[in-house]
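Asker: Structure below; questions to follow.
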Protein chains: 2
Amino acid sequence: MSRRSPHTLDGDLRDRIAARLGEGDLRFTRGREALVTVLALATRPLTIPEICAADDSLAASSAYRNLTGLEAVGVVHRIVTDAEFARYELAEGLTDHHHHHLICSRCGVVDDVEASPSLERAVHDAARAIARRSGFRMERHSVDLIGICANCSRRASSSAR
Amino acid sequence: MSRRSPHTLDGDLRDRIAARLGEGDLRFTRGREALVTVLALATRPLTIPEICAADDSLAASSAYRNLTGLEAVGVVHRIVTDAEFARYELAEGLTDHHHHHLICSRCGVVDDVEASPSLERAVHDAARAIARRSGFRMERHSVDLIGICANCSRRASSSAR
DNA sequence: ATTCGTGCAAATAGTTTGCAGCAGA
DNA sequence: TCTGCTGCAAACTATTTGCACGAAT
């Protein structure tokens, strides 16, 4: 069920990560590469227990420490919901794939969804207006849709359990 | 600096809160009234330490317990960011004042901003498309603008400190 | 070599909970 | 009255950190 991740990291992505690590005076160690590889393979943000389960060579304390460092240099992004664990995903600047989140209020799973251009434009317009009015300088935004995921609503409708 | 909140709760609001408490078999106690009063007086979501500081009669453990209960019956809403404390505000259904959040990544303060109609429409259109595609059933959404608040950027530009 | 990263175990801190007395209906 | 609420202190648990050893440059 758990194993060690192989060299499944795209060369270009790997280079950009190495560059950002270098700027922050962080070495490109096996542990950090394993973390990033697990996240790159995933299609949704993962919790630290999930990450460690995906790769036996990862210790939880180092995962916490490294993900904190990786976030500081802009390689990963931390998502905190009201679920018990925080979740991590590769930073958008690396995957250049801007997206928003579908958060299931029942099971806590977070899924990625593509951002539509019209939604993006609306958010940016709103942000500009707000900045002018209040002096707030926006760095990024997040749009979360909170509800019940397909899995949970399927499970609820079948009389199971 | 700290005190006890007076009867500063609008009658209509008070009634609606009492109704929701009743539906959940929760009594309208002094402590719960104090919590709600502090939140109603605030113009932004507050942390539990902030709430307790605003009213000496509130014990932290009861505040946690009551805010959890108040959230369950839809009187308050909990906002969790990556700051150290969670924040609470009155539920939107009570204030009928839909808004989004400006989150300062430097000091953690969260401010409310009015939601613009065009932004709302864009979010709802996006949600409908996603629901059709993936079976996710949206209950609510949140739009957060993350950046540097006016206070923090003012403090940074003046050479102070 | 020398500095930084790692894993383990112990510490920290926000939040939750058990319990005995008090208050709301 | 009688059940539910309160405050205190103790328990929980996600996350952080000290330390001694191993690895990256």
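Numbering starts fresh at 1 for the residues of each chain in the structure tokens, the chains themselves are lettered A, B, ... in the order given, and ligands are numbered from 1 as they appear.
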Using only C-alpha atoms, select each residue of chain B with any atom at most 7 Å away from an atom of chain A, and give the selection as a PDB file with N, CA, C and O atoms, in the first residue's frame.
Answerer:
```pdb
ATOM      1  N   VAL B  80     -11.618  29.799   9.252  1.00  0.00           N
ATOM      2  CA  VAL B  80     -10.310  29.295   9.632  1.00  0.00           C
ATOM      3  C   VAL B  80      -9.304  29.713   8.567  1.00  0.00           C
ATOM      4  O   VAL B  80      -9.488  29.465   7.383  1.00  0.00           O
ATOM      5  N   THR B  81      -8.283  30.427   8.994  1.00  0.00           N
ATOM      6  CA  THR B  81      -7.229  30.858   8.070  1.00  0.00           C
ATOM      7  C   THR B  81      -5.955  30.168   8.528  1.00  0.00           C
ATOM      8  O   THR B  81      -6.014  29.287   9.367  1.00  0.00           O
ATOM      9  N   ASP B  82      -4.816  30.569   8.018  1.00  0.00           N
ATOM     10  CA  ASP B  82      -3.612  29.936   8.528  1.00  0.00           C
ATOM     11  C   ASP B  82      -3.026  30.722   9.701  1.00  0.00           C
ATOM     12  O   ASP B  82      -1.942  30.427  10.159  1.00  0.00           O
ATOM     13  N   SER B 118     -21.958  41.487  -9.762  1.00  0.00           N
ATOM     14  CA  SER B 118     -21.362  40.807 -10.915  1.00  0.00           C
ATOM     15  C   SER B 118     -20.476  39.651 -10.455  1.00  0.00           C
ATOM     16  O   SER B 118     -20.445  38.587 -11.080  1.00  0.00           O
ATOM     17  N   LEU B 119     -19.790  39.860  -9.343  1.00  0.00           N
ATOM     18  CA  LEU B 119     -18.956  38.786  -8.821  1.00  0.00           C
ATOM     19  C   LEU B 119     -19.835  37.617  -8.382  1.00  0.00           C
ATOM     20  O   LEU B 119     -19.548  36.456  -8.684  1.00  0.00           O
ATOM     21  N   ALA B 122     -21.008  35.646 -11.327  1.00  0.00           N
ATOM     22  CA  ALA B 122     -19.936  34.839 -11.905  1.00  0.00           C
ATOM     23  C   ALA B 122     -19.699  33.581 -11.065  1.00  0.00           C
ATOM     24  O   ALA B 122     -19.539  32.485 -11.595  1.00  0.00           O
ATOM     25  N   VAL B 123     -19.703  33.745  -9.745  1.00  0.00           N
ATOM     26  CA  VAL B 123     -19.470  32.586  -8.880  1.00  0.00           C
ATOM     27  C   VAL B 123     -20.592  31.567  -9.049  1.00  0.00           C
ATOM     28  O   VAL B 123     -20.353  30.366  -9.157  1.00  0.00           O
ATOM     29  N   SER B 134     -19.562  17.535 -12.290  1.00  0.00           N
ATOM     30  CA  SER B 134     -18.930  16.609 -11.347  1.00  0.00           C
ATOM     31  C   SER B 134     -19.856  16.088 -10.259  1.00  0.00           C
ATOM     32  O   SER B 134     -19.437  15.267  -9.449  1.00  0.00           O
ATOM     33  N   GLY B 135     -21.088  16.562 -10.202  1.00  0.00           N
ATOM     34  CA  GLY B 135     -21.991  16.049  -9.177  1.00  0.00           C
ATOM     35  C   GLY B 135     -21.798  16.674  -7.810  1.00  0.00           C
ATOM     36  O   GLY B 135     -22.365  16.227  -6.826  1.00  0.00           O
ATOM     37  N   PHE B 136     -20.982  17.713  -7.744  1.00  0.00           N
ATOM     38  CA  PHE B 136     -20.769  18.400  -6.470  1.00  0.00           C
ATOM     39  C   PHE B 136     -21.965  19.302  -6.202  1.00  0.00           C
ATOM     40  O   PHE B 136     -22.413  20.029  -7.086  1.00  0.00           O
ATOM     41  N   ARG B 137     -22.497  19.247  -4.986  1.00  0.00           N
ATOM     42  CA  ARG B 137     -23.636  20.100  -4.670  1.00  0.00           C
ATOM     43  C   ARG B 137     -23.211  21.250  -3.770  1.00  0.00           C
ATOM     44  O   ARG B 137     -22.952  21.059  -2.586  1.00  0.00           O
ATOM     45  N   MET B 138     -23.137  22.461  -4.309  1.00  0.00           N
ATOM     46  CA  MET B 138     -22.632  23.603  -3.541  1.00  0.00           C
ATOM     47  C   MET B 138     -23.653  24.096  -2.520  1.00  0.00           C
ATOM     48  O   MET B 138     -24.819  24.268  -2.829  1.00  0.00           O
ATOM     49  N   GLU B 139     -23.181  24.305  -1.303  1.00  0.00           N
ATOM     50  CA  GLU B 139     -24.048  24.868  -0.268  1.00  0.00           C
ATOM     51  C   GLU B 139     -23.764  26.352  -0.077  1.00  0.00           C
ATOM     52  O   GLU B 139     -24.644  27.142   0.199  1.00  0.00           O
ATOM     53  N   ARG B 140     -22.500  26.704  -0.171  1.00  0.00           N
ATOM     54  CA  ARG B 140     -22.137  28.110  -0.048  1.00  0.00           C
ATOM     55  C   ARG B 140     -20.776  28.301  -0.696  1.00  0.00           C
ATOM     56  O   ARG B 140     -20.120  27.326  -1.071  1.00  0.00           O
ATOM     57  N   HIS B 141     -20.365  29.527  -0.831  1.00  0.00           N
ATOM     58  CA  HIS B 141     -19.056  29.768  -1.411  1.00  0.00           C
ATOM     59  C   HIS B 141     -18.330  30.808  -0.570  1.00  0.00           C
ATOM     60  O   HIS B 141     -18.941  31.498   0.241  1.00  0.00           O
ATOM     61  N   SER B 142     -17.035  30.876  -0.771  1.00  0.00           N
ATOM     62  CA  SER B 142     -16.308  31.958  -0.126  1.00  0.00           C
ATOM     63  C   SER B 142     -15.263  32.481  -1.091  1.00  0.00           C
ATOM     64  O   SER B 142     -14.640  31.714  -1.819  1.00  0.00           O
ATOM     65  N   VAL B 143     -15.145  33.775  -1.134  1.00  0.00           N
ATOM     66  CA  VAL B 143     -14.133  34.411  -1.964  1.00  0.00           C
ATOM     67  C   VAL B 143     -13.221  35.181  -1.020  1.00  0.00           C
ATOM     68  O   VAL B 143     -13.681  36.058  -0.298  1.00  0.00           O
ATOM     69  N   ASP B 144     -11.966  34.812  -0.998  1.00  0.00           N
ATOM     70  CA  ASP B 144     -11.009  35.487  -0.123  1.00  0.00           C
ATOM     71  C   ASP B 144      -9.987  36.217  -0.963  1.00  0.00           C
ATOM     72  O   ASP B 144      -9.448  35.656  -1.914  1.00  0.00           O
ATOM     73  N   LEU B 145      -9.719  37.464  -0.606  1.00  0.00           N
ATOM     74  CA  LEU B 145      -8.631  38.194  -1.242  1.00  0.00           C
ATOM     75  C   LEU B 145      -7.513  38.252  -0.222  1.00  0.00           C
ATOM     76  O   LEU B 145      -7.684  38.794   0.879  1.00  0.00           O
ATOM     77  N   ILE B 146      -6.375  37.667  -0.563  1.00  0.00           N
ATOM     78  CA  ILE B 146      -5.265  37.596   0.375  1.00  0.00           C
ATOM     79  C   ILE B 146      -4.202  38.598  -0.053  1.00  0.00           C
ATOM     80  O   ILE B 146      -3.851  38.672  -1.234  1.00  0.00           O
ATOM     81  N   GLY B 147      -3.697  39.367   0.897  1.00  0.00           N
ATOM     82  CA  GLY B 147      -2.683  40.367   0.563  1.00  0.00           C
ATOM     83  C   GLY B 147      -2.236  41.119   1.794  1.00  0.00           C
ATOM     84  O   GLY B 147      -2.266  40.573   2.888  1.00  0.00           O
ATOM     85  N   ILE B 148      -1.839  42.361   1.611  1.00  0.00           N
ATOM     86  CA  ILE B 148      -1.344  43.164   2.722  1.00  0.00           C
ATOM     87  C   ILE B 148      -2.350  44.269   3.019  1.00  0.00           C
ATOM     88  O   ILE B 148      -2.690  45.056   2.128  1.00  0.00           O
ATOM     89  N   CYS B 149      -2.788  44.323   4.267  1.00  0.00           N
ATOM     90  CA  CYS B 149      -3.791  45.318   4.621  1.00  0.00           C
ATOM     91  C   CYS B 149      -3.172  46.715   4.689  1.00  0.00           C
ATOM     92  O   CYS B 149      -1.952  46.864   4.757  1.00  0.00           O
ATOM     93  N   ALA B 150      -4.032  47.721   4.658  1.00  0.00           N
ATOM     94  CA  ALA B 150      -3.569  49.103   4.642  1.00  0.00           C
ATOM     95  C   ALA B 150      -2.664  49.388   5.840  1.00  0.00           C
ATOM     96  O   ALA B 150      -1.620  50.027   5.703  1.00  0.00           O
TER      97      ALA B 150
END
```
Asker: For chain C, list the residues within 9 Å of chain A, counting only C-alpha atoms (C1' of nucleotides), and write the list as a PyMOL selection string.
Answerer: chain C and resi 4-7
Asker: Could those residues be written to a file, using C-alpha atoms (C1' of nucleotides), as a PDB file, in the first residue's frame?
Answerer:
```pdb
ATOM      1  C1'  DC C   4      22.370  21.751   6.400  1.00  0.00           C
ATOM      2  C1'  DG C   5      18.756  18.013   6.620  1.00  0.00           C
ATOM      3  C1'  DT C   6      16.831  13.977   8.941  1.00  0.00           C
ATOM      4  C1'  DG C   7      14.353  11.163  12.378  1.00  0.00           C
TER       5       DG C   7
END
```
Asker: Excluding same-chain residues fewer than 3 positions from DT17 (chain D), what lies within 9 Å of it counting only C-alpha atoms (C1' of nucleotides), as an mmCIF file with N, CA and C atoms (P, O5', C5', C4', C3', O3' and C1' of nucleotides), in the first residue's frame?
Answerer:
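Saved as result_13.cif:
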```
data_model
loop_
_atom_site.group_PDB
_atom_site.id
_atom_site.type_symbol
_atom_site.label_atom_id
_atom_site.label_comp_id
_atom_site.auth_asym_id
_atom_site.auth_seq_id
_atom_site.Cartn_x
_atom_site.Cartn_y
_atom_site.Cartn_z
ATOM 1 P P DA C 10 10.599 10.936 24.871
ATOM 2 O "O5'" DA C 10 10.500 12.505 25.158
ATOM 3 C "C5'" DA C 10 11.707 13.275 25.164
ATOM 4 C "C4'" DA C 10 11.375 14.743 25.027
ATOM 5 C "C3'" DA C 10 10.250 15.229 25.954
ATOM 6 O "O3'" DA C 10 10.609 16.491 26.506
ATOM 7 C "C1'" DA C 10 9.710 15.742 23.715
ATOM 8 P P DA C 11 9.588 17.348 27.404
ATOM 9 O "O5'" DA C 11 9.132 18.558 26.461
ATOM 10 C "C5'" DA C 11 10.143 19.420 25.946
ATOM 11 C "C4'" DA C 11 9.501 20.475 25.077
ATOM 12 C "C3'" DA C 11 8.434 21.334 25.767
ATOM 13 O "O3'" DA C 11 8.650 22.683 25.391
ATOM 14 C "C1'" DA C 11 7.525 20.331 23.827
ATOM 15 P P DT C 12 7.838 23.851 26.160
ATOM 16 O "O5'" DT C 12 6.771 24.308 25.083
ATOM 17 C "C5'" DT C 12 7.137 24.294 23.713
ATOM 18 C "C4'" DT C 12 5.968 24.690 22.833
ATOM 19 C "C3'" DT C 12 4.879 25.523 23.493
ATOM 20 O "O3'" DT C 12 4.701 26.668 22.677
ATOM 21 C "C1'" DT C 12 3.934 23.685 22.322
#
```
Asker: Nearest to chain D: which of B:Phe28, B:Phe85, B:Asp111, B:Ala129 is it, counting only C-alpha atoms (C1' of nucleotides)?
Answerer: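 Distance minimum relative to chain D lands on B:Phe28.
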Asker: May I have a table of the residues of chain D lying at most 8 Å from chain A, giving each one's closest pair of atoms and their distance in Å to one decimal, counting only C-alpha atoms (C1' of nucleotides), ordered by chain and ascending residue number, as a tab-separated table?
Answerer:
```
residue	atom	partner	partner_atom	distance
D:DA14	C1'	A:Phe85	CA	7.0
D:DT15	C1'	A:Tyr64	CA	7.5
D:DA24	C1'	A:Arg27	CA	7.0
```
Asker: What parts of region 15-132 of chain B does DSSP call helix (DSSP H, G or I)? I'd like the answer as a PyMOL selection string.
Answerer: chain B and resi 15-23+30-41+48-54+60-72+92-95+117-132
Asker: Okay, now the selection with C-alpha atoms, as an mmCIF file, in the first residue's frame?
Answerer:
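File written: part_6.cif
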```cif
data_model
loop_
_atom_site.group_PDB
_atom_site.id
_atom_site.type_symbol
_atom_site.label_atom_id
_atom_site.label_comp_id
_atom_site.auth_asym_id
_atom_site.auth_seq_id
_atom_site.Cartn_x
_atom_site.Cartn_y
_atom_site.Cartn_z
ATOM 1 C CA ASP B 15 -35.599 37.230 18.148
ATOM 2 C CA ARG B 16 -34.160 35.451 15.160
ATOM 3 C CA ILE B 17 -31.249 34.201 17.212
ATOM 4 C CA ALA B 18 -33.584 33.019 19.941
ATOM 5 C CA ALA B 19 -35.606 31.152 17.310
ATOM 6 C CA ARG B 20 -32.592 29.318 15.937
ATOM 7 C CA LEU B 21 -31.400 28.465 19.409
ATOM 8 C CA GLY B 22 -34.835 27.064 20.190
ATOM 9 C CA GLU B 23 -34.802 24.855 17.098
ATOM 10 C CA ARG B 30 -26.359 35.190 29.368
ATOM 11 C CA GLY B 31 -23.105 33.758 28.033
ATOM 12 C CA ARG B 32 -24.507 33.068 24.596
ATOM 13 C CA GLU B 33 -26.139 36.458 24.459
ATOM 14 C CA ALA B 34 -22.851 38.084 25.396
ATOM 15 C CA LEU B 35 -21.012 36.200 22.644
ATOM 16 C CA VAL B 36 -23.510 37.189 20.014
ATOM 17 C CA THR B 37 -23.556 40.779 21.211
ATOM 18 C CA VAL B 38 -19.794 41.083 20.900
ATOM 19 C CA LEU B 39 -19.942 39.663 17.382
ATOM 20 C CA ALA B 40 -22.843 41.901 16.395
ATOM 21 C CA LEU B 41 -20.946 44.981 17.550
ATOM 22 C CA ILE B 48 -11.810 33.845 20.686
ATOM 23 C CA PRO B 49 -9.153 35.752 22.655
ATOM 24 C CA GLU B 50 -10.507 38.968 21.143
ATOM 25 C CA ILE B 51 -14.041 38.034 22.072
ATOM 26 C CA CYS B 52 -13.110 37.142 25.643
ATOM 27 C CA ALA B 53 -11.127 40.347 26.010
ATOM 28 C CA ALA B 54 -14.192 42.310 24.947
ATOM 29 C CA ALA B 60 -12.561 30.697 26.950
ATOM 30 C CA SER B 61 -13.732 27.121 27.274
ATOM 31 C CA SER B 62 -17.382 28.148 27.319
ATOM 32 C CA ALA B 63 -16.763 30.450 24.388
ATOM 33 C CA TYR B 64 -15.368 27.558 22.377
ATOM 34 C CA ARG B 65 -18.235 25.313 23.421
ATOM 35 C CA ASN B 66 -20.911 27.892 22.726
ATOM 36 C CA LEU B 67 -19.528 29.079 19.432
ATOM 37 C CA THR B 68 -19.475 25.475 18.275
ATOM 38 C CA GLY B 69 -23.123 25.134 19.262
ATOM 39 C CA LEU B 70 -24.044 28.478 17.746
ATOM 40 C CA GLU B 71 -22.418 27.433 14.506
ATOM 41 C CA ALA B 72 -24.366 24.178 14.488
ATOM 42 C CA GLU B 92 -24.944 35.776 6.908
ATOM 43 C CA GLY B 93 -28.534 34.593 7.163
ATOM 44 C CA LEU B 94 -28.916 36.753 10.266
ATOM 45 C CA THR B 95 -27.283 39.902 9.048
ATOM 46 C CA PRO B 117 -23.530 41.577 -7.909
ATOM 47 C CA SER B 118 -21.362 40.807 -10.915
ATOM 48 C CA LEU B 119 -18.956 38.786 -8.821
ATOM 49 C CA GLU B 120 -21.824 36.880 -7.268
ATOM 50 C CA ARG B 121 -23.283 36.062 -10.616
ATOM 51 C CA ALA B 122 -19.936 34.839 -11.905
ATOM 52 C CA VAL B 123 -19.470 32.586 -8.880
ATOM 53 C CA HIS B 124 -22.935 31.131 -9.229
ATOM 54 C CA ASP B 125 -22.532 30.494 -12.936
ATOM 55 C CA ALA B 126 -19.265 28.727 -12.282
ATOM 56 C CA ALA B 127 -20.813 26.686 -9.518
ATOM 57 C CA ARG B 128 -23.687 25.570 -11.715
ATOM 58 C CA ALA B 129 -21.323 24.407 -14.428
ATOM 59 C CA ILE B 130 -19.220 22.502 -11.943
ATOM 60 C CA ALA B 131 -22.205 20.862 -10.324
ATOM 61 C CA ARG B 132 -23.412 19.607 -13.683
#
```
Asker: Check the DSSP output for the backbone and give back, as an MDAnalysis selection string, the residues of chain A in strand (DSSP E or B).
Answerer: chainID A and resid 46:47 76:79 87:90 99:104 110:114 137:148
